[in-house]
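Have a look at the structure below, then the notes.
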Amino acid sequence: MQGLLQTGDSALGSVVTSLTQAINLGVQAGNGTLSASDRANVAAQIQNVSAQVLALANSTYQGTYVFAGTNSGTPAYVANVLSPTGVTYQGNASTNQVEITPGQTATVNVPGSQIFPVAPLTCSRANQPDAAAQSGSGVTTAVAQLRTAFGM
């Protein structure tokens with residue numbers, strides 16, 4: 001059980017680092033002096049961060065998806081171009097329990113839907129930071145959405 005908890009903790013720490021990086025890249029993209037090439041580079045970096053966060057939300061431990069609730073045989077999140085957010089949660093809201101003493105249990109997971117609001121995974125398709133960085137417009141809104149999703 002300790003390995004599962006460590007995997008989840010490590011993934012969450014990496015998500016924090018990745019979202020901080022995305023915010024910093026968004027702020028960088030807001031620099032009005034960037035060339036089109038510079039903006040394209042920042043947009044590509046933001047896309048990479050988004051892919052990293054999605055992969056982290058689908059972290060596994062011994063073949064089970066850590067953030068999928070009790071539906072741990074299925075990736076918690078999948079990319080879905082038909083979804084307004086671009087991502088679909090496939091897990092469930094159930095938790096796993098472990099008996100710690102006779103008659104007493106402890107919850108050992110939190111479903112991804114409670115940990116990862118969809119916005120940090122997709123940065124809101126309506127105004128994605130990568131698209132905003134590429135075009136040079138809407139960057140402030142995209143960064144604000146990321147900060148809100150990140151709880152800053």
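Labeling convention for the structure tokens: chains A, B, ... as they appear, residues from 1 per chain, ligands from 1 in order of appearance.
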Could you pull out the helix (DSSP H, G or I) residues of region 13-137 of chain A from DSSP and send them as a PDB file with C-alpha atoms, in the first residue's frame?
ATOM      1  CA  GLY A  13       4.113  16.837  -6.752  1.00  0.00           C
ATOM      2  CA  SER A  14       5.023  16.613 -10.421  1.00  0.00           C
ATOM      3  CA  VAL A  15       1.638  18.067 -11.416  1.00  0.00           C
ATOM      4  CA  VAL A  16       2.305  21.094  -9.204  1.00  0.00           C
ATOM      5  CA  THR A  17       5.701  21.556 -10.862  1.00  0.00           C
ATOM      6  CA  SER A  18       4.184  21.171 -14.340  1.00  0.00           C
ATOM      7  CA  LEU A  19       1.340  23.625 -13.724  1.00  0.00           C
ATOM      8  CA  THR A  20       3.777  26.150 -12.305  1.00  0.00           C
ATOM      9  CA  GLN A  21       5.837  25.746 -15.467  1.00  0.00           C
ATOM     10  CA  ALA A  22       2.713  26.245 -17.627  1.00  0.00           C
ATOM     11  CA  ILE A  23       1.857  29.448 -15.767  1.00  0.00           C
ATOM     12  CA  ASN A  24       5.405  30.734 -16.207  1.00  0.00           C
ATOM     13  CA  LEU A  25       5.298  29.907 -19.905  1.00  0.00           C
ATOM     14  CA  GLY A  26       1.961  31.681 -20.200  1.00  0.00           C
ATOM     15  CA  VAL A  27       3.393  34.785 -18.573  1.00  0.00           C
ATOM     16  CA  GLN A  28       6.362  34.557 -20.940  1.00  0.00           C
ATOM     17  CA  ALA A  29       3.974  34.274 -23.893  1.00  0.00           C
ATOM     18  CA  ALA A  36       6.085  34.449 -34.150  1.00  0.00           C
ATOM     19  CA  SER A  37       8.823  31.835 -33.880  1.00  0.00           C
ATOM     20  CA  ASP A  38       9.262  32.529 -30.154  1.00  0.00           C
ATOM     21  CA  ARG A  39       5.499  32.249 -29.606  1.00  0.00           C
ATOM     22  CA  ALA A  40       5.428  28.947 -31.506  1.00  0.00           C
ATOM     23  CA  ASN A  41       8.232  27.648 -29.274  1.00  0.00           C
ATOM     24  CA  VAL A  42       6.390  28.653 -26.100  1.00  0.00           C
ATOM     25  CA  ALA A  43       3.163  27.091 -27.446  1.00  0.00           C
ATOM     26  CA  ALA A  44       4.998  23.805 -28.098  1.00  0.00           C
ATOM     27  CA  GLN A  45       6.392  23.847 -24.563  1.00  0.00           C
ATOM     28  CA  ILE A  46       2.900  24.430 -23.142  1.00  0.00           C
ATOM     29  CA  GLN A  47       1.555  21.508 -25.205  1.00  0.00           C
ATOM     30  CA  ASN A  48       4.304  19.320 -23.747  1.00  0.00           C
ATOM     31  CA  VAL A  49       3.375  20.380 -20.217  1.00  0.00           C
ATOM     32  CA  SER A  50      -0.284  19.604 -20.907  1.00  0.00           C
ATOM     33  CA  ALA A  51       0.658  16.125 -22.136  1.00  0.00           C
ATOM     34  CA  GLN A  52       2.807  15.616 -19.016  1.00  0.00           C
ATOM     35  CA  VAL A  53      -0.065  16.559 -16.714  1.00  0.00           C
ATOM     36  CA  LEU A  54      -2.433  14.185 -18.513  1.00  0.00           C
ATOM     37  CA  ALA A  55       0.149  11.394 -18.211  1.00  0.00           C
ATOM     38  CA  LEU A  56       0.578  12.149 -14.502  1.00  0.00           C
ATOM     39  CA  ALA A  57      -3.199  12.038 -13.988  1.00  0.00           C
ATOM     40  CA  GLY A 112      -9.029  11.800  -9.911  1.00  0.00           C
ATOM     41  CA  SER A 113     -12.254  13.698 -10.525  1.00  0.00           C
ATOM     42  CA  GLN A 114     -11.813  15.204  -7.046  1.00  0.00           C
ATOM     43  CA  ILE A 115      -8.090  15.908  -7.471  1.00  0.00           C
ATOM     44  CA  VAL A 118     -10.514  19.120 -15.949  1.00  0.00           C
ATOM     45  CA  ALA A 119      -9.196  22.662 -16.443  1.00  0.00           C
ATOM     46  CA  PRO A 120      -5.604  21.940 -15.412  1.00  0.00           C
ATOM     47  CA  LEU A 121      -5.543  18.988 -17.773  1.00  0.00           C
ATOM     48  CA  THR A 122      -6.760  20.896 -20.786  1.00  0.00           C
ATOM     49  CA  ARG A 125     -10.206  24.378 -24.711  1.00  0.00           C
ATOM     50  CA  ALA A 126     -12.002  27.664 -25.240  1.00  0.00           C
ATOM     51  CA  ASN A 127      -8.825  29.531 -24.433  1.00  0.00           C
ATOM     52  CA  PRO A 129      -2.611  28.654 -23.201  1.00  0.00           C
ATOM     53  CA  ASP A 130      -0.808  27.012 -26.125  1.00  0.00           C
ATOM     54  CA  ALA A 131      -3.226  28.506 -28.655  1.00  0.00           C
ATOM     55  CA  ALA A 132      -3.084  31.866 -26.888  1.00  0.00           C
ATOM     56  CA  ALA A 133       0.719  31.760 -26.887  1.00  0.00           C
ATOM     57  CA  GLN A 134       0.771  30.895 -30.583  1.00  0.00           C
ATOM     58  CA  SER A 135      -1.567  33.715 -31.565  1.00  0.00           C
TER      59      SER A 135
END
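Counting only C-alpha atoms, the residue from A:Thr107, A:Thr88, A:Gln145, A:Thr7 that sits nearest to Thr64 (chain A) is A:Thr7.
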What lies within 6 Å of Pro75 (chain A) using only C-alpha atoms, ignoring chain neighbours under 2 positions off, as a list in words?
Asn58, Tyr65 and Tyr77 of chain A
Interatomic distance (Å, one decimal) between CA of Met1 (chain A) and CA of Tyr89 (chain A)
24.0 Å
Hey, what does DSSP flag as strand (DSSP E) within region 9-151 of chain A? Can you give it to me as a list of chain:residue names?
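Secondary structure check on region 9-151 of chain A, strand (DSSP E): A:Thr60, A:Tyr61, A:Thr64, A:Tyr65, A:Tyr77, A:Val78, A:Ala79, A:Val87, A:Thr88, A:Tyr89, A:Gln97, A:Val98, A:Glu99, A:Ile100, A:Thr101, A:Gln104, A:Thr105, A:Ala106, A:Thr107.
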Using only C-alpha atoms, find the one residue out of A:Thr148, A:Asn71, A:Thr141, A:Ser35 that sits nearest to Gln90 (chain A).
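Once distances to Gln90 (chain A) are computed over only C-alpha atoms, the minimum belongs to A:Asn71.
Each of A:Leu146, A:Val139, A:Ala93, A:Val108 was checked against Leu5 (chain A) using only C-alpha atoms; the smallest atom-to-atom distance is that of A:Val108.
Taking CA of Pro102 (chain A) and CA of Gln62 (chain A) as endpoints, the distance between them is 26.4 Å.
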